[in-house]
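In what follows, a single structure is set out as structure tokens and then discussed.
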Amino acid sequence: MKERYEFTEVEKKWQKVWEEQGVFKTEEDPSKEKFYCLEMFPYPSGKLHMGHVRNYSIGDVVARFKKMDGYNVLHPMGFDSFGLPAENAAIEHGIHPSKWTWENIHDMEEQLRELGLSYDWDRECCTCSEEYYRWMQWIFIQFYKRGLAYKKENPVNWCPSCQTVLANEQVVDGACERCHTPVVKKNLSQWYLKITDYADRLLENIDNGALDGWPEKVRLMQKNWIGRSYGCEVDFKVKDSDEVLTVFTTRVDTIYGTTFMVLAPEYPTVLENVKGTEYEQPVLDYIDRVNHMNEIERTSTTAEKTGVFIGKYAINPFTHKEMPIFISDYVLMGYGTGAVMGVPAHDQRDFEFATKFGLEITPVVDPGDPEVDVNDLKQACAASGTMINSGEITGMNSNDAIPYMIEKAEREGLGHRKVNYKLRDWLISRQRYWGTPIPMIYCETCGWVPEKEENLPVLLPTDVKFTGKGESPIATSPTFRKCTCPKCGGPAEREVDTMDTFLDSSWYFLRYCDPRNAEKPFEKEKVDYWMQVDQYIGGVEHAILHLMYSRFFTMVLHDMGMVGVEEPFANLLTQGMVNKDGRKMSKSIGNVVTPREIIDKYGADTARLFILFAAPPEKELDWSDAGVEGSFRFLTRVYRLIYELKSRGLKDGEVVVKTAEDRALNYKLNFAIKKVREDVGGRFMFNTAISSIMELVNEIYKYKDQKEINEPLLRKAARELIVILSPFVPHIAEEMWEHVGGEGLCCLQSWPAFDEKSLVLDEIEIVVQINGKVRDKLVVPKDISKQELEQAALGSEKIREFTEGKEIFKVITVPGKLVNLVVK
RNA sequence: GCCGGAGUGGCGGAAUUGGCAGACGCACGGGACUUAAAAUCCCGCGAUCCUUACCGAUCGUACCGGUUCGACCCCGGUCUCCGGCACCA
């Protein structure tokens, strides 16, 4: 140990030792309790940013602490390495996506190693490797065999700039989440996964406690995304026709207020209904207009309602009244039945439509609100209330009318109860090269047939052109497409689209449990030993997509008998962003601080310490150069302390706490040990854990310069200080540990036990309040009786001054804390 | 529009079950050491007032009100900021 803290040297030295001794290699060990600590794996962009540092520092503290606390810890890392940027690099710079990606992976691994993260690198998984995507294809085929994958022509979200299809989840504000180009609808034949089959289970587990270790916020977001609503489907006959229009409504109670019907422009029978009539041309014009709108225009809630009458009338099954049928783009084909009943008095959208087209507005619910005149509505009234103008249900409360009407509809064969979801099936086809090829083959005779499992992987061809336009690049391969049908042996063609990369990341946490298995995706026993992930850590931006897809995959694999658990992540921590000057770090603002410059200037330990100390993990963190300086200062302060103590040579021996100063030091030591355990192991408050260690350091500084020093106690305090500091700043801890003659590696020490007795002081401070205001503080023996405490409080001189000539009404005594006198 | 979350010194933040508001750190100010500076160490640091000083007093956790012996914490209302969803019938 040098006198000066040479962080670069120290960090290199210990990274090498850990590597050589293989201290983070992990094996299944049924005799030990396991702990699976997982951080979301990165996309290999090539450069680590502060968000990564935060994410992985948090995970590393938890993993290292759990290991020291006796758990068998699985802490793996890998790369989510398929995806668009690699392909863009190919288009822009002519580098093959594979080369670009693998070089980036190599660079990022190196940067991660420099942070001193306790990963078992033997378990590394890269989703773009053949050994990984082979099993991705295998899993896809199992989904297909179970009827959970299907191909269908549908209007899909199309990004005109990326020239590819997007999942609903990848459309943000009507635009492509990646390039922000407004998305348009396009009819394409695409592969889907039937996540809607699991909508109920995905939802049930949010409520039944299976996800109680998740932030409430994330559970709510998923719940809203699945969007279950209970309602009723009602059949409306079309006048002078055999056609029946089924609508979905959550408010059957308002059915007497229906004055018109609206169909989505894409509704399948619209064209045949207007064929050869005077309405045909206006309807065609309208549909054409809608088709040329992008998603932003189409879904704008502020735009005025538009639509056209199609010349037909529907008959309300309850009132037998005739009502005109319109098409309008405010009705979506993708939700419910694509047809709605228009109840303008009680639905704002219907109200706007009726106002625009001069349609009748019939109120059927009176909310009993003096400010609402139901016969002269300025806007729709969605509140519940008393039914009016509604035949036999008039006078009923609208909340009671809903179940009543559903039962009536079912009894009379007019409709039935129905549950609807906002959740759509997951569109997974991508017209892209750098992804897992969808292992399906089209045969004129047999239709779609999966590739034989023994032929997997279906390799990505290398003889393709990257233009960034049009069809999937794989289609340009002269060798890939043509093949023979695995079923009949006849000529056939391969699917040329690749999978959405979200599939790759939906099961990587399972592959980590058995990463080199060449026979199957993973051994069930191994997965069942390690799963669930005990702590998952990542950005909140994955609250819906990745986290729901992973839940879906795990459920399906569970149903296939491949995985014991059905929920993958027991506990979830979503870390906040790293900002600078209150704004997101970004190149265009020019406020980016790179991990590189911080590691060079202060070392990885300082970077880790600052990022953990500056804010609780869930909150946004504002980068502060002065704060980093402070963290560095703290580390050098600890380093100097240990250097000095070592140079003095403290006697070993039995620790006997004698003086008041001994007790104070011993208290702080035990308090810190306990506090760090609680804050790292349970509360995830790394900032307060670190502050308690800082207090301990301050206390040791105070203690060491006294005349009379209890050497065994000071020695113990110094050694345990190093140990509890090590999960946060592992390199400097190893260096100091070696210096104080610690046996073995610091990171392999057991977490020190704290002594509960030393946390109970013989004398405690009691607050004495008068009418809730602190007026005095008393130091009393810890086991003082209530009566004695009250006596002491009343006897205090200060208190007597305040109570002089006043009457004491009441005395509230909280043992160990305070006495409050109520005085008048 | 709907659903969440947050609001505490100059700043990041602490107060874990309703019981001393401001731990720890940053910034700042003062002092020691030094020829000097840096580094380091020590002291101070919410506001206002009183006092020569010590001692002390009043106010203070976005705002208004309530419950309670006692409220940053619980309840009702208001404002502001942030996040998610959004023509979902």
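Each chain of the structure tokens is named A, B, ... in the order shown, its residues numbered from 1; ligands are numbered from 1 in display order.
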Exercise. Please, which residues of chain A lie no more than 8 Å from chain B when the count uses only C-alpha atoms (C1' of nucleotides), and can they be set out as a PyMOL selection string?
Worked result: chain A and resi 217+220-221+224-225+248-250+299-301+330-331+335-336+340-341+349+422+614-615+622+626-627+630+688+690-692+694-695+767+771-772+774+810-812+814+817-818+820-822
Problem set entry | DSSP alpha helix (DSSP H) residues within range 618-734 of chain A, listed as a PyMOL selection string | chain A and resi 625-648+660-678+686-704+711-725+730-734
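What separates CA of Arg432 in chain A from CA of Ser588 in chain A is a distance of 28.5 Å.
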Exercise. Quick one: distance from CA of Gln281 in chain A to CA of Tyr313 in chain A in Å, one decimal?
Worked result: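 Straight-line distance from CA of Gln281 in chain A to CA of Tyr313 in chain A works out to 18.5 Å.
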Exercise. Excluding same-chain residues fewer than 4 positions from Gly116 in chain A, what lies within 12 Å of it counting only C-alpha atoms (C1' of nucleotides), as a PyMOL selection string?
Worked result: chain A and resi 8+10-19+24+53+56-57+59-61+64+109-112+120+599+603-608+726-734+747
So which residues of range 64-219 of chain A fall under strand (DSSP E) by DSSP, listed as a PDB file with N, CA and C atoms, in the first residue's frame?
```
ATOM      1  N   ASN A  72     -25.636 -17.773  -2.386  1.00  0.00           N
ATOM      2  CA  ASN A  72     -25.028 -18.182  -3.642  1.00  0.00           C
ATOM      3  C   ASN A  72     -25.602 -17.253  -4.710  1.00  0.00           C
ATOM      4  N   VAL A  73     -24.777 -16.334  -5.168  1.00  0.00           N
ATOM      5  CA  VAL A  73     -25.304 -15.242  -5.995  1.00  0.00           C
ATOM      6  C   VAL A  73     -25.041 -15.475  -7.482  1.00  0.00           C
ATOM      7  N   LEU A  74     -26.098 -15.393  -8.272  1.00  0.00           N
ATOM      8  CA  LEU A  74     -25.950 -15.402  -9.730  1.00  0.00           C
ATOM      9  C   LEU A  74     -26.033 -13.958 -10.217  1.00  0.00           C
ATOM     10  N   GLY A  78     -24.691  -9.729 -20.267  1.00  0.00           N
ATOM     11  CA  GLY A  78     -24.669 -10.105 -21.676  1.00  0.00           C
ATOM     12  C   GLY A  78     -25.044  -8.918 -22.542  1.00  0.00           C
ATOM     13  N   PHE A  79     -25.410  -9.185 -23.779  1.00  0.00           N
ATOM     14  CA  PHE A  79     -25.710  -8.084 -24.701  1.00  0.00           C
ATOM     15  C   PHE A  79     -26.939  -8.380 -25.546  1.00  0.00           C
ATOM     16  N   CYS A 125     -24.187 -13.947 -22.397  1.00  0.00           N
ATOM     17  CA  CYS A 125     -25.027 -14.326 -23.545  1.00  0.00           C
ATOM     18  C   CYS A 125     -25.150 -13.126 -24.477  1.00  0.00           C
ATOM     19  N   CYS A 126     -24.951 -13.349 -25.763  1.00  0.00           N
ATOM     20  CA  CYS A 126     -25.190 -12.318 -26.760  1.00  0.00           C
ATOM     21  C   CYS A 126     -26.291 -12.816 -27.677  1.00  0.00           C
ATOM     22  N   ALA A 149     -48.491 -18.500 -32.287  1.00  0.00           N
ATOM     23  CA  ALA A 149     -47.892 -17.663 -33.329  1.00  0.00           C
ATOM     24  C   ALA A 149     -48.714 -17.865 -34.587  1.00  0.00           C
ATOM     25  N   TYR A 150     -49.076 -16.782 -35.232  1.00  0.00           N
ATOM     26  CA  TYR A 150     -49.863 -16.904 -36.457  1.00  0.00           C
ATOM     27  C   TYR A 150     -49.535 -15.769 -37.400  1.00  0.00           C
ATOM     28  N   LYS A 151     -49.816 -15.989 -38.687  1.00  0.00           N
ATOM     29  CA  LYS A 151     -49.569 -14.948 -39.667  1.00  0.00           C
ATOM     30  C   LYS A 151     -50.887 -14.427 -40.191  1.00  0.00           C
ATOM     31  N   LYS A 152     -50.984 -13.132 -40.307  1.00  0.00           N
ATOM     32  CA  LYS A 152     -52.268 -12.557 -40.651  1.00  0.00           C
ATOM     33  C   LYS A 152     -52.071 -11.234 -41.379  1.00  0.00           C
ATOM     34  N   GLU A 153     -52.932 -10.972 -42.343  1.00  0.00           N
ATOM     35  CA  GLU A 153     -52.884  -9.665 -42.995  1.00  0.00           C
ATOM     36  C   GLU A 153     -53.729  -8.694 -42.200  1.00  0.00           C
ATOM     37  N   ASN A 154     -53.148  -7.570 -41.909  1.00  0.00           N
ATOM     38  CA  ASN A 154     -53.793  -6.615 -41.030  1.00  0.00           C
ATOM     39  C   ASN A 154     -53.240  -5.239 -41.319  1.00  0.00           C
ATOM     40  N   PRO A 155     -54.028  -4.220 -41.025  1.00  0.00           N
ATOM     41  CA  PRO A 155     -53.414  -2.904 -41.098  1.00  0.00           C
ATOM     42  C   PRO A 155     -52.374  -2.805 -39.983  1.00  0.00           C
ATOM     43  N   VAL A 156     -51.174  -2.449 -40.343  1.00  0.00           N
ATOM     44  CA  VAL A 156     -50.119  -2.401 -39.336  1.00  0.00           C
ATOM     45  C   VAL A 156     -49.509  -1.009 -39.296  1.00  0.00           C
ATOM     46  N   ASN A 157     -48.804  -0.740 -38.221  1.00  0.00           N
ATOM     47  CA  ASN A 157     -48.091   0.533 -38.090  1.00  0.00           C
ATOM     48  C   ASN A 157     -46.831   0.451 -38.932  1.00  0.00           C
ATOM     49  N   TRP A 158     -46.710   1.384 -39.834  1.00  0.00           N
ATOM     50  CA  TRP A 158     -45.575   1.359 -40.749  1.00  0.00           C
ATOM     51  C   TRP A 158     -44.813   2.663 -40.608  1.00  0.00           C
ATOM     52  N   CYS A 159     -43.517   2.527 -40.402  1.00  0.00           N
ATOM     53  CA  CYS A 159     -42.692   3.738 -40.331  1.00  0.00           C
ATOM     54  C   CYS A 159     -42.092   3.981 -41.705  1.00  0.00           C
ATOM     55  N   THR A 164     -40.151  -0.037 -41.967  1.00  0.00           N
ATOM     56  CA  THR A 164     -40.490  -1.287 -41.307  1.00  0.00           C
ATOM     57  C   THR A 164     -41.770  -1.123 -40.512  1.00  0.00           C
ATOM     58  N   VAL A 165     -42.271  -2.287 -40.110  1.00  0.00           N
ATOM     59  CA  VAL A 165     -43.460  -2.355 -39.287  1.00  0.00           C
ATOM     60  C   VAL A 165     -43.076  -2.129 -37.836  1.00  0.00           C
ATOM     61  N   LEU A 166     -43.968  -1.535 -37.090  1.00  0.00           N
ATOM     62  CA  LEU A 166     -43.707  -1.333 -35.667  1.00  0.00           C
ATOM     63  C   LEU A 166     -44.809  -1.989 -34.846  1.00  0.00           C
ATOM     64  N   VAL A 171     -44.988   2.536 -31.038  1.00  0.00           N
ATOM     65  CA  VAL A 171     -45.525   3.775 -31.580  1.00  0.00           C
ATOM     66  C   VAL A 171     -45.750   4.734 -30.425  1.00  0.00           C
ATOM     67  N   VAL A 172     -45.050   5.839 -30.431  1.00  0.00           N
ATOM     68  CA  VAL A 172     -45.153   6.807 -29.346  1.00  0.00           C
ATOM     69  C   VAL A 172     -45.731   8.100 -29.910  1.00  0.00           C
ATOM     70  N   ALA A 175     -46.028   8.328 -33.530  1.00  0.00           N
ATOM     71  CA  ALA A 175     -44.809   8.379 -34.321  1.00  0.00           C
ATOM     72  C   ALA A 175     -43.885   7.224 -33.950  1.00  0.00           C
ATOM     73  N   CYS A 176     -42.946   6.946 -34.826  1.00  0.00           N
ATOM     74  CA  CYS A 176     -41.971   5.897 -34.596  1.00  0.00           C
ATOM     75  C   CYS A 176     -41.124   6.253 -33.377  1.00  0.00           C
ATOM     76  N   VAL A 184     -47.772   5.475 -40.430  1.00  0.00           N
ATOM     77  CA  VAL A 184     -48.970   5.302 -41.259  1.00  0.00           C
ATOM     78  C   VAL A 184     -49.437   3.853 -41.200  1.00  0.00           C
ATOM     79  N   LYS A 185     -50.696   3.640 -41.598  1.00  0.00           N
ATOM     80  CA  LYS A 185     -51.237   2.286 -41.622  1.00  0.00           C
ATOM     81  C   LYS A 185     -50.958   1.649 -42.971  1.00  0.00           C
ATOM     82  N   LYS A 186     -50.654   0.363 -42.933  1.00  0.00           N
ATOM     83  CA  LYS A 186     -50.376  -0.328 -44.174  1.00  0.00           C
ATOM     84  C   LYS A 186     -50.880  -1.758 -44.005  1.00  0.00           C
ATOM     85  N   ASN A 187     -51.464  -2.299 -45.045  1.00  0.00           N
ATOM     86  CA  ASN A 187     -51.928  -3.680 -44.955  1.00  0.00           C
ATOM     87  C   ASN A 187     -50.811  -4.631 -45.306  1.00  0.00           C
ATOM     88  N   LEU A 188     -50.405  -5.456 -44.362  1.00  0.00           N
ATOM     89  CA  LEU A 188     -49.313  -6.390 -44.605  1.00  0.00           C
ATOM     90  C   LEU A 188     -49.601  -7.704 -43.911  1.00  0.00           C
ATOM     91  N   SER A 189     -49.014  -8.748 -44.467  1.00  0.00           N
ATOM     92  CA  SER A 189     -49.140 -10.055 -43.843  1.00  0.00           C
ATOM     93  C   SER A 189     -47.956 -10.241 -42.896  1.00  0.00           C
ATOM     94  N   GLN A 190     -48.253 -10.415 -41.651  1.00  0.00           N
ATOM     95  CA  GLN A 190     -47.231 -10.362 -40.610  1.00  0.00           C
ATOM     96  C   GLN A 190     -47.437 -11.447 -39.567  1.00  0.00           C
ATOM     97  N   TRP A 191     -46.332 -11.779 -38.886  1.00  0.00           N
ATOM     98  CA  TRP A 191     -46.424 -12.747 -37.792  1.00  0.00           C
ATOM     99  C   TRP A 191     -46.804 -12.055 -36.488  1.00  0.00           C
ATOM    100  N   TYR A 192     -47.681 -12.734 -35.762  1.00  0.00           N
ATOM    101  CA  TYR A 192     -48.125 -12.220 -34.465  1.00  0.00           C
ATOM    102  C   TYR A 192     -47.933 -13.277 -33.387  1.00  0.00           C
ATOM    103  N   LEU A 193     -47.702 -12.822 -32.157  1.00  0.00           N
ATOM    104  CA  LEU A 193     -47.773 -13.724 -31.004  1.00  0.00           C
ATOM    105  C   LEU A 193     -49.032 -13.388 -30.223  1.00  0.00           C
TER     106      LEU A 193
END
```
Problem set entry | Near-range 130-136 of chain A list (6 Å; only C-alpha atoms (C1' of nucleotides); drop same-chain fewer than 4 positions) as an MDAnalysis selection string | chainID A and resid 436 456:457 521
Applying 7 Å and only C-alpha atoms (C1' of nucleotides), which residues near Val247 in chain A remain after dropping the ones on its own chain fewer than 6 positions away? List them as an mmCIF file with N, CA and C atoms, in the first residue's frame.
```
data_model
loop_
_atom_site.group_PDB
_atom_site.id
_atom_site.type_symbol
_atom_site.label_atom_id
_atom_site.label_comp_id
_atom_site.auth_asym_id
_atom_site.auth_seq_id
_atom_site.Cartn_x
_atom_site.Cartn_y
_atom_site.Cartn_z
ATOM 1 N N GLU A 233 -72.086 -6.871 -25.214
ATOM 2 C CA GLU A 233 -72.268 -6.754 -26.654
ATOM 3 C C GLU A 233 -73.754 -6.831 -26.960
ATOM 4 N N VAL A 234 -74.217 -5.931 -27.806
ATOM 5 C CA VAL A 234 -75.639 -5.897 -28.148
ATOM 6 C C VAL A 234 -75.775 -5.968 -29.670
ATOM 7 N N ASP A 235 -76.726 -6.778 -30.119
ATOM 8 C CA ASP A 235 -76.937 -6.943 -31.560
ATOM 9 C C ASP A 235 -78.010 -5.988 -32.065
ATOM 10 N N THR A 337 -65.898 -4.190 -31.440
ATOM 11 C CA THR A 337 -66.368 -4.826 -32.664
ATOM 12 C C THR A 337 -66.173 -3.942 -33.882
ATOM 13 N N ALA A 339 -67.848 -1.274 -34.172
ATOM 14 C CA ALA A 339 -69.141 -0.596 -34.299
ATOM 15 C C ALA A 339 -69.546 -0.093 -32.919
ATOM 16 N N VAL A 340 -70.052 1.130 -32.850
ATOM 17 C CA VAL A 340 -70.526 1.635 -31.561
ATOM 18 C C VAL A 340 -71.919 2.208 -31.692
ATOM 19 N N MET A 341 -72.644 2.167 -30.547
ATOM 20 C CA MET A 341 -73.930 2.845 -30.517
ATOM 21 C C MET A 341 -73.676 4.277 -30.077
#
```
Exercise. Which polymer residues have any atom within 12 Å of an atom of G29 in chain B, counting only C-alpha atoms (C1' of nucleotides), with same-chain residues fewer than 2 positions away left out, as a PyMOL selection string?
Worked result: chain B and resi 27+31+43-45
With a distance cut-off of 8 Å and only C-alpha atoms (C1' of nucleotides), select the neighbouring residues of A21 in chain B, excluding the residue or stretch itself and same-chain residues fewer than 5 positions from it, and output the selection as a PDB file with C-alpha atoms (C1' of nucleotides), in the first residue's frame.
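Output file out-v3.pdb follows:
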```
ATOM      1  C1'   A B  15     -36.105  12.009   9.205  1.00  0.00           C
ATOM      2  C1'   U B  61     -41.280  20.982   5.350  1.00  0.00           C
ATOM      3  C1'   C B  72     -42.897  16.802   6.639  1.00  0.00           C
TER       4        C B  72
END
```
For this session: In Å, rounded to a single decimal, give me how far CA of Tyr701 in chain A is from C1' of C42 in chain B.
Result: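 Separation of C1' of C42 in chain B and CA of Tyr701 in chain A: 12.2 Å.
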